[in-house]
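Student: I'd like to ask some things about the structure below.
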Amino acid sequence: MNKDSIIGLVLIALIIFGFGWYQTKQFEKQAAVQAQIDSAARIEALQRMALDSLAVLREGEAAVQTAENSQTQNTNIYKDDSLGVAAAAEESLVTLRNEKIEVVLTTKGAQPYSVNVLGYKAYGGDPLMLVKPRWSEYGISVYTGEYINTKDFNFQLVESSDSVAVMRLVFADGGYIQQRYTLPQDSYMVYNELSFNGMQNNIPRNVSMFDIDWNLKIPRLEKGYKNEKQYSKIEVYCPGDKKPEVVGKGGRDGSKRYDSKLEWIDFNQQFFSAILTSEAGFANGEVGLAFAQENDADGRLMSCSAKLREDISLQNGVAKYDYEFYFGPNDYYELRSYDRKYEKTITIGGNVIGLITRFVIIPSFKWLSTKISNYGIIILIMTVLIKLVISPLTMKSYMSSAKMNAIKPEIDKLNEKFPKASSDQKEAMKKQQAQMELYKRAGINPAGGCLPMLLTFPVLWAMFRFFPVSIELRQQPFLWAEDLSAYDSIWDFGFRFLGMDHLSLFALLMAATMWLYSWMTMPKSSDPQMAPMRFMSVWFMPIMMFFVCNSLSSGLSYYYLLSNLFMMVQNFIIKKWIIKPEKILAQIEASKGKPLPKSKWQQRLEAAQKMAEQQQKAAGRRR
């Protein structure tokens with residue numbers, strides 16, 4: 001290795017060593033600077049934490065101070081210091097209970113807090129809370145030198161037992177508003193006495209009224225939302241009316257103002273009611289309701305409200321008002337026992353339908369329920385009894401239908417004889433005349449079976465109205481149905497299809513038997529004019545009835561099923577042993593060529609035919 005190479009290697013080594021030493025010093029400086037930065041950041045963070053803690057502490061002190069100020073202000077926002085104290089007082093609960101209901105009252109407003117209807121269960125097995133805790137808000141609004149509402153104040157509980165609770169809102173000068181609640185034994189009625197005592201210095205002489213505000217949320221209590229909503233409503237009864245007026249009919253939201261006197265209002269769930277009655281009558285009022293959605297998170301069915309006005313007149317500083325709260329089932333005989341026309345809230349139809357339901361169906365059903373515990377058997381017995389009673393009316397219709405089937409071969413001959421009857425009016429008249437002669441020879445009155453069947457429709461409609469509102473059927477099981485007052489679902493779709501989310505077996509069986517009966521009894525004819533009628537009877541009506549009944553009471557579908565089966569058996573007996581087709585045909589054959597007496601109806605028909613022919617001839621001459 002020469003001298004130049006050695007010098008070069010030494011220089012390279014010195015450069016590498018110097019660069020390494022320089023980099024080390026730079027790194028140490030940077031580390032020191034970063035340490036100072038990190039230390040400053042930690043100090044800043046600690047400072048922020050200290051400041052935040054101080055702010056929280058100050059906020060806490062401010063909150064405490066605000067609460068203290070709020071409490072002080074709360075006791076001072078009313079002119080009467082006693083009202084401020086009552087507003088800040090603690091709430092307490094008191095319970096009234098008998099064999100039928102348990103009513104919890106709260107001193108906050110001296111009002112109902114919750115109501116449990118004993119002996120009944122909500123769908124699913126929970127206690128039937130007609131009024132859930134804090135779902136009712138009941139207050140008296142009155143001017144006492146300032147407008148107040150009793151729901152804002154805690155009353156003093158001065159008397160309490162299982163049957164009586166007395167609460168007072170005392171004013172500074174010794175006057176007070178008192179609410180007295182009394183629950184008798186074996187009753188759904190809570191009697192309420194509202195009184196103003198020694199209030200001559202509080203209520204000015206020119207104050208002539210006070211308001212009662214009642215807002216109540218009704219919970220869902222039944223299986224089917226659609227059916228429960230359909231039969232829930234508000235009803236208002238005015239003195240002298242035959243029946244209460246419905247607000248929110250058919251599951252629709254509604255409201256109405258009444259400028260005349262009211263006797264009672266009913267927040268009416270399908271099977272239970274919360275009714276407020278004034279002994280002297282409310283001067284006027286306004287009610288309203290709004291239905292909740294099916295998937296309401298709180299399980300509400302509807303929200304009801306009533307704003308009722310009362311006249312006030314102090315006599316020596318005293319005024320008293322008597323009210324009644326009914327919290328109980330919509331049982332016809334229970335409601336009627338209070339002699340307030342409460343039973344009119346049950347939707348059983350009006351006029352003829354209502355008479356049949358009120359004096360025939362309900363008493364029969366009630367009497368059978370005292371003898372038999374199975375309501376499916378009771379419906380079976382009622383169906384047979386009803387069918388036997390109306391059988392004299394239906395027999396003519398069945399006989400007429402059986403005879404029409406017997407002469408079908410003769411009808412077919414007429415169709416062949418008059419092939420152009422559907423397009424030629426003259427030929428159609430001749431065919432109709434020939435048919436009438438055929439009916440006469442067979443002893444058939446085409447209209448004879450219609451009127452008796454029409455007379456049975458009120459009974460059919462009465463049963464349609466009775467079953468969905470019959471509390472006796474509520475939660476009564478039979479066969480696969482767990483509740484005869486609700487639909488019997490054998491298949492829950494989990495989605496909606498053609499407006500349905502389930503399949504009711506009783507409704508399906510009812511529609512199937514209705515189709516079979518119509519198919520067996522509706523005359524099969526090649527006459528094109530008969531095709532629409534046959535389609536309506538055999539196909540349209542059963543399908544329509546299935547969709548109608550699929551979400552209604554399974555007891556109703558079961559009744560229709562039994563009715564169809566009874567009619568099928570009755571029709572079979574008539575065809576098998578009473579009406580002989582060969583005898584009818586022989587009767588027709590024997591009467592051919594013989595003159596037949598003409599009925600007045602037939603004479604009028606022939607006169608109409610002749611007039612039509614004359615009009616056709618006159619029209620032809622003009623052309």
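Going by the structure tokens order, chains are called A, B, ..., each with residues numbered from 1, while ligands are numbered from 1 in the order shown.
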If we count only C-alpha atoms and set the cut-off at 10 Å, which residues sit around Leu105 in chain A, ignoring sequence neighbours fewer than 3 positions away in its own chain? Please answer as an NGL selection string.
Tutor: :A and (92-96 or 102 or 108-115 or 133 or 165 or 181)
Student: Find the spatial neighbours of Tyr120 in chain A, counting only C-alpha atoms, within a cut-off of 10 Å - ignore same-chain residues fewer than 6 positions away - and output them as a list in words.
Tutor: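 Neighbouring residues, sequence-local ones excluded: Lys100, Ile101, Asp126, Pro127, Leu128, Met129, Gly328, Pro329, Arg474 and Gln475 of chain A.
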Student: Restrict the selected residues to N, CA and C atoms and save them as a PDB file, in the first residue's frame.
Tutor:
```
ATOM      1  N   LYS A 100    -113.425  -5.564  43.433  1.00  0.00           N
ATOM      2  CA  LYS A 100    -113.465  -5.415  41.988  1.00  0.00           C
ATOM      3  C   LYS A 100    -112.339  -4.552  41.408  1.00  0.00           C
ATOM      4  N   ILE A 101    -111.967  -3.495  42.103  1.00  0.00           N
ATOM      5  CA  ILE A 101    -110.923  -2.613  41.563  1.00  0.00           C
ATOM      6  C   ILE A 101    -109.993  -2.137  42.668  1.00  0.00           C
ATOM      7  N   ASP A 126    -100.741 -10.069  32.067  1.00  0.00           N
ATOM      8  CA  ASP A 126    -100.413  -9.023  33.040  1.00  0.00           C
ATOM      9  C   ASP A 126    -101.690  -8.486  33.702  1.00  0.00           C
ATOM     10  N   PRO A 127    -101.569  -7.868  34.891  1.00  0.00           N
ATOM     11  CA  PRO A 127    -102.745  -7.248  35.518  1.00  0.00           C
ATOM     12  C   PRO A 127    -103.371  -6.233  34.569  1.00  0.00           C
ATOM     13  N   LEU A 128    -104.687  -6.140  34.611  1.00  0.00           N
ATOM     14  CA  LEU A 128    -105.371  -5.233  33.700  1.00  0.00           C
ATOM     15  C   LEU A 128    -105.366  -3.825  34.298  1.00  0.00           C
ATOM     16  N   MET A 129    -104.373  -3.059  33.894  1.00  0.00           N
ATOM     17  CA  MET A 129    -104.242  -1.674  34.345  1.00  0.00           C
ATOM     18  C   MET A 129    -104.985  -0.777  33.360  1.00  0.00           C
ATOM     19  N   GLY A 328    -114.294   0.143  34.888  1.00  0.00           N
ATOM     20  CA  GLY A 328    -114.675  -1.259  34.892  1.00  0.00           C
ATOM     21  C   GLY A 328    -115.027  -1.800  33.524  1.00  0.00           C
ATOM     22  N   PRO A 329    -115.569  -3.019  33.494  1.00  0.00           N
ATOM     23  CA  PRO A 329    -115.856  -3.697  32.229  1.00  0.00           C
ATOM     24  C   PRO A 329    -117.116  -3.164  31.567  1.00  0.00           C
ATOM     25  N   ARG A 474    -114.476 -12.646  26.125  1.00  0.00           N
ATOM     26  CA  ARG A 474    -113.087 -12.183  26.221  1.00  0.00           C
ATOM     27  C   ARG A 474    -112.221 -13.208  26.949  1.00  0.00           C
ATOM     28  N   GLN A 475    -111.134 -13.617  26.255  1.00  0.00           N
ATOM     29  CA  GLN A 475    -110.136 -14.564  26.777  1.00  0.00           C
ATOM     30  C   GLN A 475    -110.751 -15.922  27.138  1.00  0.00           C
TER      31      GLN A 475
END
```
Student: Closest to Gln570 in chain A among A:Lys610, A:Arg252, A:Lys420, A:Lys387, using only C-alpha atoms?
Tutor: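 Result for the nearest residue to Gln570 in chain A: A:Lys387.
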Student: Measuring atom to atom with only C-alpha atoms, identify which of A:Trp491, A:Tyr123, A:Tyr237, A:Tyr191 is nearest to Tyr323 in chain A.
Tutor: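 Looking at the shortest contact to Tyr323 in chain A, the residue is A:Tyr191.
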Student: Near His502 in chain A, within 8 Å and counting only C-alpha atoms, which residues show up once chain neighbours fewer than 2 positions away are dropped, as an MDAnalysis selection string?
Tutor: chainID A and resid 489:494 500 504
Student: Could you check the closest approach to Leu438 in chain A for each of A:Glu99, A:Glu410, A:Glu482, A:Glu263 and tell me which residue wins, using only C-alpha atoms?
Tutor: A:Glu410
Student: With only C-alpha atoms as the atoms that count, which of A:Phe291, A:Val104, A:Lys430, A:Asp412 lies nearest to Lys226 in chain A?
Tutor: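 Selected residue with least distance to Lys226 in chain A: A:Phe291.
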Student: Range 81-217 of chain A: which residues are strand (DSSP E or B) by DSSP, as an NGL selection string?
Tutor: :A and (93-97 or 101-106 or 108 or 111-121 or 127-131 or 136-143 or 147-149 or 154 or 156-160 or 164-170 or 176-182 or 189-197 or 209-217)
Student: Deliver the residues from the most recent selection as a file, using C-alpha atoms, as a short mmCIF file (atom, residue, chain, number, x, y, z; two decimals), in the first residue's frame.
Tutor:
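Writing the result to part-v5.cif gives the following:
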```cif
data_model
loop_
_atom_site.label_atom_id
_atom_site.label_comp_id
_atom_site.auth_asym_id
_atom_site.auth_seq_id
_atom_site.Cartn_x
_atom_site.Cartn_y
_atom_site.Cartn_z
CA LEU A 93 -99.85 7.69 47.33
CA VAL A 94 -102.97 6.23 48.93
CA THR A 95 -104.84 3.09 47.83
CA LEU A 96 -108.58 2.39 47.72
CA ARG A 97 -109.48 -1.25 47.17
CA ILE A 101 -110.92 -2.61 41.56
CA GLU A 102 -107.81 -1.14 43.13
CA VAL A 103 -107.53 2.62 42.74
CA VAL A 104 -104.28 4.35 43.68
CA LEU A 105 -104.60 8.09 44.29
CA THR A 106 -101.79 10.61 44.43
CA LYS A 108 -100.11 15.51 43.60
CA GLN A 111 -106.24 12.64 41.45
CA PRO A 112 -106.26 9.03 40.23
CA TYR A 113 -102.74 7.68 39.80
CA SER A 114 -103.50 4.15 38.57
CA VAL A 115 -106.44 1.74 38.33
CA ASN A 116 -106.22 -2.04 38.36
CA VAL A 117 -109.43 -3.86 37.35
CA LEU A 118 -109.32 -7.02 39.46
CA GLY A 119 -110.57 -10.31 38.09
CA TYR A 120 -109.39 -9.50 34.56
CA LYS A 121 -106.05 -9.79 32.79
CA PRO A 127 -102.75 -7.25 35.52
CA LEU A 128 -105.37 -5.23 33.70
CA MET A 129 -104.24 -1.67 34.35
CA LEU A 130 -107.00 0.42 32.84
CA VAL A 131 -105.06 3.44 34.10
CA SER A 136 -103.90 10.01 33.90
CA GLU A 137 -103.80 13.75 34.50
CA TYR A 138 -106.82 15.24 36.24
CA GLY A 139 -106.91 18.83 37.43
CA ILE A 140 -109.23 21.64 38.48
CA SER A 141 -108.45 25.05 36.97
CA VAL A 142 -109.84 28.02 38.89
CA TYR A 143 -109.04 31.71 39.44
CA TYR A 147 -104.99 31.09 37.78
CA ILE A 148 -104.09 27.75 39.34
CA ASN A 149 -104.52 24.10 38.41
CA ASN A 154 -99.53 18.38 46.61
CA GLN A 156 -102.60 17.33 52.44
CA LEU A 157 -103.92 13.85 53.19
CA VAL A 158 -106.38 14.33 56.07
CA GLU A 159 -108.19 10.96 55.98
CA SER A 160 -107.29 7.59 54.52
CA VAL A 164 -112.12 6.67 51.73
CA ALA A 165 -109.44 9.25 50.98
CA VAL A 166 -109.74 12.96 51.77
CA MET A 167 -107.16 15.49 50.56
CA ARG A 168 -106.99 19.28 50.95
CA LEU A 169 -105.18 22.14 49.26
CA VAL A 170 -105.03 24.77 52.01
CA TYR A 176 -109.17 25.08 51.12
CA ILE A 177 -110.09 22.98 48.10
CA GLN A 178 -111.00 19.44 49.11
CA GLN A 179 -111.20 16.21 47.11
CA ARG A 180 -113.00 13.31 48.78
CA TYR A 181 -112.93 9.87 47.11
CA THR A 182 -115.14 7.00 48.26
CA MET A 189 -117.76 3.22 40.90
CA VAL A 190 -115.58 5.74 42.72
CA TYR A 191 -117.57 8.63 44.15
CA ASN A 192 -115.80 11.97 44.16
CA GLU A 193 -116.89 15.08 46.07
CA LEU A 194 -115.11 18.29 45.11
CA SER A 195 -115.67 21.16 47.53
CA PHE A 196 -114.50 24.74 47.95
CA ASN A 197 -114.52 25.66 51.64
CA MET A 209 -116.88 29.03 36.43
CA PHE A 210 -113.98 26.62 36.77
CA ASP A 211 -112.60 23.98 34.40
CA ILE A 212 -111.97 20.27 34.79
CA ASP A 213 -109.17 18.93 32.61
CA TRP A 214 -108.80 15.16 32.24
CA ASN A 215 -106.21 13.62 29.97
CA LEU A 216 -105.93 9.82 29.92
CA LYS A 217 -103.78 7.46 27.89
#
```
Student: To one decimal place in Å, what is the distance between CA of Phe272 in chain A and CA of Gly354 in chain A?
Tutor: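 Atom-to-atom, CA of Phe272 in chain A to CA of Gly354 in chain A, that is 20.1 Å.
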Student: So which one's closest to Leu355 in chain A, A:Phe418, A:Phe267, A:Phe466, A:Tyr342? Using only C-alpha atoms, please.
Tutor: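 With only C-alpha atoms as the atom set, the closest residue is A:Phe466.
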Student: Excluding Met544 in chain A and its own-chain neighbours fewer than 3 positions away, which residues fall within 12 Å of it when counting only C-alpha atoms? Please give them as a list in words.
Tutor: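 Those residues are Ala507, Leu508, Met510, Ala511, Ala512, Met514, Trp515, Met536, Ser537, Val538, Trp539, Phe540, Met541, Phe547, Val548, Cys549 and Asn550 of chain A.
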Student: Output all heavy atoms for every residue in that selection, as a short mmCIF file (atom, residue, chain, number, x, y, z; two decimals), in the first residue's frame.
Tutor:
```cif
data_model
loop_
_atom_site.label_atom_id
_atom_site.label_comp_id
_atom_site.auth_asym_id
_atom_site.auth_seq_id
_atom_site.Cartn_x
_atom_site.Cartn_y
_atom_site.Cartn_z
N ALA A 507 -112.37 -18.40 10.37
CA ALA A 507 -112.81 -17.60 9.23
C ALA A 507 -112.67 -18.38 7.93
O ALA A 507 -113.53 -18.32 7.04
CB ALA A 507 -112.00 -16.31 9.15
N LEU A 508 -111.59 -19.15 7.81
CA LEU A 508 -111.37 -19.96 6.61
C LEU A 508 -112.43 -21.05 6.48
O LEU A 508 -112.99 -21.28 5.40
CB LEU A 508 -109.97 -20.57 6.65
CG LEU A 508 -109.53 -21.37 5.42
CD1 LEU A 508 -109.49 -20.46 4.19
CD2 LEU A 508 -108.16 -22.00 5.65
N MET A 510 -115.39 -21.03 7.85
CA MET A 510 -116.67 -20.36 7.60
C MET A 510 -116.83 -20.06 6.11
O MET A 510 -117.88 -20.34 5.51
CB MET A 510 -116.73 -19.07 8.41
CG MET A 510 -117.97 -18.21 8.19
SD MET A 510 -117.87 -17.07 6.79
CE MET A 510 -116.47 -16.07 7.27
N ALA A 511 -115.78 -19.51 5.48
CA ALA A 511 -115.85 -19.19 4.06
C ALA A 511 -115.98 -20.45 3.22
O ALA A 511 -116.72 -20.47 2.22
CB ALA A 511 -114.60 -18.41 3.65
N ALA A 512 -115.28 -21.53 3.61
CA ALA A 512 -115.34 -22.78 2.84
C ALA A 512 -116.75 -23.38 2.89
O ALA A 512 -117.28 -23.84 1.86
CB ALA A 512 -114.32 -23.78 3.40
N MET A 514 -119.50 -21.74 3.48
CA MET A 514 -120.38 -20.82 2.77
C MET A 514 -120.32 -21.07 1.27
O MET A 514 -121.34 -21.07 0.56
CB MET A 514 -119.98 -19.37 3.08
CG MET A 514 -120.93 -18.33 2.58
SD MET A 514 -120.41 -16.67 3.13
CE MET A 514 -121.76 -15.68 2.47
N TRP A 515 -119.10 -21.29 0.77
CA TRP A 515 -118.93 -21.63 -0.65
C TRP A 515 -119.61 -22.95 -0.99
O TRP A 515 -120.32 -23.06 -2.01
CB TRP A 515 -117.43 -21.73 -0.98
CG TRP A 515 -117.18 -22.22 -2.38
CD1 TRP A 515 -117.13 -21.48 -3.52
CD2 TRP A 515 -116.98 -23.58 -2.78
NE1 TRP A 515 -116.91 -22.27 -4.61
CE2 TRP A 515 -116.80 -23.58 -4.18
CE3 TRP A 515 -116.91 -24.79 -2.10
CZ2 TRP A 515 -116.58 -24.74 -4.92
CZ3 TRP A 515 -116.70 -25.95 -2.82
CH2 TRP A 515 -116.53 -25.94 -4.20
N MET A 536 -121.67 -14.28 -7.84
CA MET A 536 -121.76 -13.50 -6.60
C MET A 536 -122.00 -14.42 -5.40
O MET A 536 -121.38 -14.26 -4.35
CB MET A 536 -122.90 -12.50 -6.71
CG MET A 536 -122.62 -11.34 -7.64
SD MET A 536 -121.42 -10.17 -6.94
CE MET A 536 -122.36 -9.53 -5.56
N SER A 537 -122.90 -15.38 -5.58
CA SER A 537 -123.28 -16.24 -4.46
C SER A 537 -122.20 -17.26 -4.13
O SER A 537 -121.89 -17.50 -2.96
CB SER A 537 -124.60 -16.95 -4.78
OG SER A 537 -124.98 -17.81 -3.73
N VAL A 538 -121.62 -17.88 -5.16
CA VAL A 538 -120.69 -19.00 -4.94
C VAL A 538 -119.28 -18.52 -4.64
O VAL A 538 -118.59 -19.13 -3.80
CB VAL A 538 -120.71 -19.94 -6.16
CG1 VAL A 538 -119.69 -21.06 -6.00
CG2 VAL A 538 -122.10 -20.52 -6.38
N TRP A 539 -118.84 -17.44 -5.26
CA TRP A 539 -117.44 -17.05 -5.13
C TRP A 539 -117.25 -15.72 -4.39
O TRP A 539 -116.48 -15.65 -3.43
CB TRP A 539 -116.80 -16.95 -6.52
CG TRP A 539 -116.68 -18.26 -7.20
CD1 TRP A 539 -117.47 -18.75 -8.20
CD2 TRP A 539 -115.74 -19.29 -6.91
NE1 TRP A 539 -117.09 -20.02 -8.57
CE2 TRP A 539 -116.01 -20.38 -7.78
CE3 TRP A 539 -114.70 -19.42 -5.99
CZ2 TRP A 539 -115.28 -21.55 -7.77
CZ3 TRP A 539 -113.96 -20.59 -5.98
CH2 TRP A 539 -114.26 -21.63 -6.86
N PHE A 540 -117.94 -14.69 -4.83
CA PHE A 540 -117.67 -13.36 -4.29
C PHE A 540 -118.00 -13.27 -2.80
O PHE A 540 -117.18 -12.79 -2.00
CB PHE A 540 -118.46 -12.31 -5.07
CG PHE A 540 -118.24 -10.91 -4.56
CD1 PHE A 540 -117.09 -10.21 -4.88
CD2 PHE A 540 -119.19 -10.29 -3.75
CE1 PHE A 540 -116.88 -8.93 -4.42
CE2 PHE A 540 -118.98 -9.01 -3.28
CZ PHE A 540 -117.82 -8.33 -3.61
N MET A 541 -119.19 -13.70 -2.40
CA MET A 541 -119.61 -13.56 -1.01
C MET A 541 -118.71 -14.35 -0.04
O MET A 541 -118.29 -13.81 0.99
CB MET A 541 -121.07 -13.98 -0.86
CG MET A 541 -122.06 -12.99 -1.46
SD MET A 541 -121.94 -11.35 -0.69
CE MET A 541 -122.45 -11.72 0.98
N PHE A 547 -112.35 -12.23 4.19
CA PHE A 547 -111.51 -11.07 4.47
C PHE A 547 -112.11 -10.20 5.59
O PHE A 547 -111.37 -9.63 6.38
CB PHE A 547 -111.32 -10.23 3.20
CG PHE A 547 -110.27 -10.78 2.27
CD1 PHE A 547 -110.63 -11.53 1.17
CD2 PHE A 547 -108.93 -10.55 2.51
CE1 PHE A 547 -109.66 -12.04 0.31
CE2 PHE A 547 -107.95 -11.04 1.67
CZ PHE A 547 -108.31 -11.80 0.56
N VAL A 548 -113.44 -10.14 5.66
CA VAL A 548 -114.08 -9.35 6.71
C VAL A 548 -113.85 -9.99 8.08
O VAL A 548 -113.53 -9.32 9.06
CB VAL A 548 -115.59 -9.22 6.43
CG1 VAL A 548 -116.31 -8.65 7.65
CG2 VAL A 548 -115.83 -8.32 5.23
N CYS A 549 -114.01 -11.30 8.17
CA CYS A 549 -113.98 -12.00 9.46
C CYS A 549 -112.60 -12.43 9.90
O CYS A 549 -112.43 -12.84 11.06
CB CYS A 549 -114.90 -13.22 9.42
SG CYS A 549 -116.64 -12.82 9.24
N ASN A 550 -111.61 -12.35 9.03
CA ASN A 550 -110.28 -12.86 9.38
C ASN A 550 -109.68 -12.15 10.59
O ASN A 550 -108.94 -12.76 11.36
CB ASN A 550 -109.34 -12.73 8.18
CG ASN A 550 -108.01 -13.42 8.40
OD1 ASN A 550 -107.95 -14.64 8.58
ND2 ASN A 550 -106.93 -12.65 8.41
#
```
Student: Compare A:Ala172, A:Met404, A:Ala122, A:Leu335 by their minimum atom-to-atom distance to Gly84 in chain A, counting only C-alpha atoms, and give me the closest one.
Tutor: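 Among the listed residues, the smallest separation from Gly84 in chain A belongs to A:Ala172.
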Student: Grab the CA of Asn284 in chain A to CA of Tyr321 in chain A distance for me, in Å with one decimal place.
Tutor: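 The value is 15.4 Å.
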Student: To one decimal in Å, tell me the separation between CA of Lys256 in chain A and CA of Cys304 in chain A.
Tutor: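 These two atoms are separated by 12.1 Å.
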Student: Per DSSP on the backbone, what are the alpha helix (DSSP H) residues of range 300-503 of chain A, as a VMD selection string?
Tutor: chain A and resid 332 to 336 351 to 356 362 to 371 375 to 406 408 to 417 425 to 442 450 to 466
Student: Please produce an output containing C-alpha atoms for each residue in the selection, written as a JSON list (two decimals), in the first residue's frame.
Tutor:
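Final file, result-v8.json:
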```
[["chain", "number", "residue", "atom", "x", "y", "z"],
["A", 332, "TYR", "CA", -124.32, -4.82, 29.80],
["A", 333, "TYR", "CA", -126.01, -5.69, 33.09],
["A", 334, "GLU", "CA", -123.26, -4.10, 35.21],
["A", 335, "LEU", "CA", -123.49, -0.82, 33.30],
["A", 336, "ARG", "CA", -127.29, -0.85, 33.37],
["A", 351, "ASN", "CA", -133.82, 0.16, 16.43],
["A", 352, "VAL", "CA", -134.69, -3.40, 15.33],
["A", 353, "ILE", "CA", -131.13, -4.77, 15.66],
["A", 354, "GLY", "CA", -130.71, -3.29, 19.12],
["A", 355, "LEU", "CA", -134.04, -4.68, 20.28],
["A", 356, "ILE", "CA", -133.11, -8.19, 19.15],
["A", 362, "ILE", "CA", -127.97, -10.93, 25.58],
["A", 363, "PRO", "CA", -130.50, -12.50, 28.01],
["A", 364, "SER", "CA", -130.20, -15.92, 26.31],
["A", 365, "PHE", "CA", -126.43, -15.73, 26.35],
["A", 366, "LYS", "CA", -126.39, -14.65, 29.99],
["A", 367, "TRP", "CA", -128.78, -17.42, 31.06],
["A", 368, "LEU", "CA", -126.80, -20.11, 29.24],
["A", 369, "SER", "CA", -123.54, -18.86, 30.80],
["A", 370, "THR", "CA", -124.99, -19.57, 34.27],
["A", 371, "LYS", "CA", -125.56, -23.21, 33.28],
["A", 375, "TYR", "CA", -118.58, -20.67, 25.71],
["A", 376, "GLY", "CA", -117.98, -22.67, 22.53],
["A", 377, "ILE", "CA", -120.82, -24.97, 23.58],
["A", 378, "ILE", "CA", -122.96, -21.95, 24.48],
["A", 379, "ILE", "CA", -122.51, -20.52, 20.98],
["A", 380, "LEU", "CA", -123.44, -23.91, 19.50],
["A", 381, "ILE", "CA", -126.65, -24.08, 21.54],
["A", 382, "MET", "CA", -127.53, -20.47, 20.72],
["A", 383, "THR", "CA", -126.99, -21.13, 17.01],
["A", 384, "VAL", "CA", -129.32, -24.14, 17.04],
["A", 385, "LEU", "CA", -131.96, -22.26, 19.03],
["A", 386, "ILE", "CA", -131.84, -19.24, 16.71],
["A", 387, "LYS", "CA", -132.07, -21.44, 13.63],
["A", 388, "LEU", "CA", -135.02, -23.35, 15.02],
["A", 389, "VAL", "CA", -136.86, -20.14, 15.91],
["A", 390, "ILE", "CA", -136.43, -18.62, 12.44],
["A", 391, "SER", "CA", -136.87, -21.94, 10.59],
["A", 392, "PRO", "CA", -140.51, -21.15, 9.64],
["A", 393, "LEU", "CA", -139.15, -18.12, 7.76],
["A", 394, "THR", "CA", -136.21, -19.88, 6.17],
["A", 395, "MET", "CA", -138.10, -23.05, 5.25],
["A", 396, "LYS", "CA", -139.96, -21.35, 2.40],
["A", 397, "SER", "CA", -136.68, -20.16, 0.95],
["A", 398, "TYR", "CA", -135.09, -23.62, 1.19],
["A", 399, "MET", "CA", -138.19, -25.24, -0.35],
["A", 400, "SER", "CA", -138.17, -22.74, -3.21],
["A", 401, "SER", "CA", -134.44, -23.37, -3.82],
["A", 402, "ALA", "CA", -134.96, -27.15, -3.80],
["A", 403, "LYS", "CA", -137.83, -26.90, -6.30],
["A", 404, "MET", "CA", -135.76, -24.65, -8.57],
["A", 405, "ASN", "CA", -133.06, -27.33, -8.67],
["A", 406, "ALA", "CA", -135.70, -29.98, -9.36],
["A", 408, "LYS", "CA", -133.56, -27.51, -13.88],
["A", 409, "PRO", "CA", -134.11, -29.88, -16.86],
["A", 410, "GLU", "CA", -137.22, -27.90, -17.84],
["A", 411, "ILE", "CA", -135.33, -24.62, -17.49],
["A", 412, "ASP", "CA", -132.61, -25.97, -19.78],
["A", 413, "LYS", "CA", -135.28, -26.81, -22.38],
["A", 414, "LEU", "CA", -136.52, -23.22, -22.28],
["A", 415, "ASN", "CA", -132.96, -21.95, -22.78],
["A", 416, "GLU", "CA", -132.67, -24.13, -25.87],
["A", 417, "LYS", "CA", -136.08, -23.00, -27.11],
["A", 425, "GLN", "CA", -136.09, -8.25, -26.09],
["A", 426, "LYS", "CA", -139.22, -9.76, -27.69],
["A", 427, "GLU", "CA", -137.84, -13.28, -27.31],
["A", 428, "ALA", "CA", -136.71, -12.53, -23.77],
["A", 429, "MET", "CA", -140.27, -11.54, -22.86],
["A", 430, "LYS", "CA", -141.60, -14.79, -24.33],
["A", 431, "LYS", "CA", -139.01, -16.80, -22.40],
["A", 432, "GLN", "CA", -139.86, -15.01, -19.17],
["A", 433, "GLN", "CA", -143.57, -15.70, -19.74],
["A", 434, "ALA", "CA", -142.83, -19.37, -20.35],
["A", 435, "GLN", "CA", -140.71, -19.54, -17.18],
["A", 436, "MET", "CA", -143.52, -18.01, -15.14],
["A", 437, "GLU", "CA", -145.93, -20.62, -16.49],
["A", 438, "LEU", "CA", -143.42, -23.34, -15.61],
["A", 439, "TYR", "CA", -143.05, -21.98, -12.06],
["A", 440, "LYS", "CA", -146.81, -21.89, -11.73],
["A", 441, "ARG", "CA", -147.22, -25.51, -12.82],
["A", 442, "ALA", "CA", -144.43, -26.57, -10.41],
["A", 450, "CYS", "CA", -136.85, -13.86, -0.78],
["A", 451, "LEU", "CA", -138.94, -12.00, 1.77],
["A", 452, "PRO", "CA", -138.63, -14.66, 4.53],
["A", 453, "MET", "CA", -134.86, -14.67, 4.07],
["A", 454, "LEU", "CA", -134.75, -10.88, 4.29],
["A", 455, "LEU", "CA", -136.58, -11.09, 7.60],
["A", 456, "THR", "CA", -133.74, -13.22, 9.03],
["A", 457, "PHE", "CA", -131.07, -10.58, 8.23],
["A", 458, "PRO", "CA", -131.70, -8.54, 11.42],
["A", 459, "VAL", "CA", -130.82, -11.62, 13.48],
["A", 460, "LEU", "CA", -127.70, -12.21, 11.40],
["A", 461, "TRP", "CA", -126.64, -8.56, 11.81],
["A", 462, "ALA", "CA", -127.42, -8.56, 15.53],
["A", 463, "MET", "CA", -125.00, -11.45, 16.04],
["A", 464, "PHE", "CA", -122.43, -9.60, 13.93],
["A", 465, "ARG", "CA", -122.66, -6.62, 16.29],
["A", 466, "PHE", "CA", -122.84, -8.67, 19.50]]
```
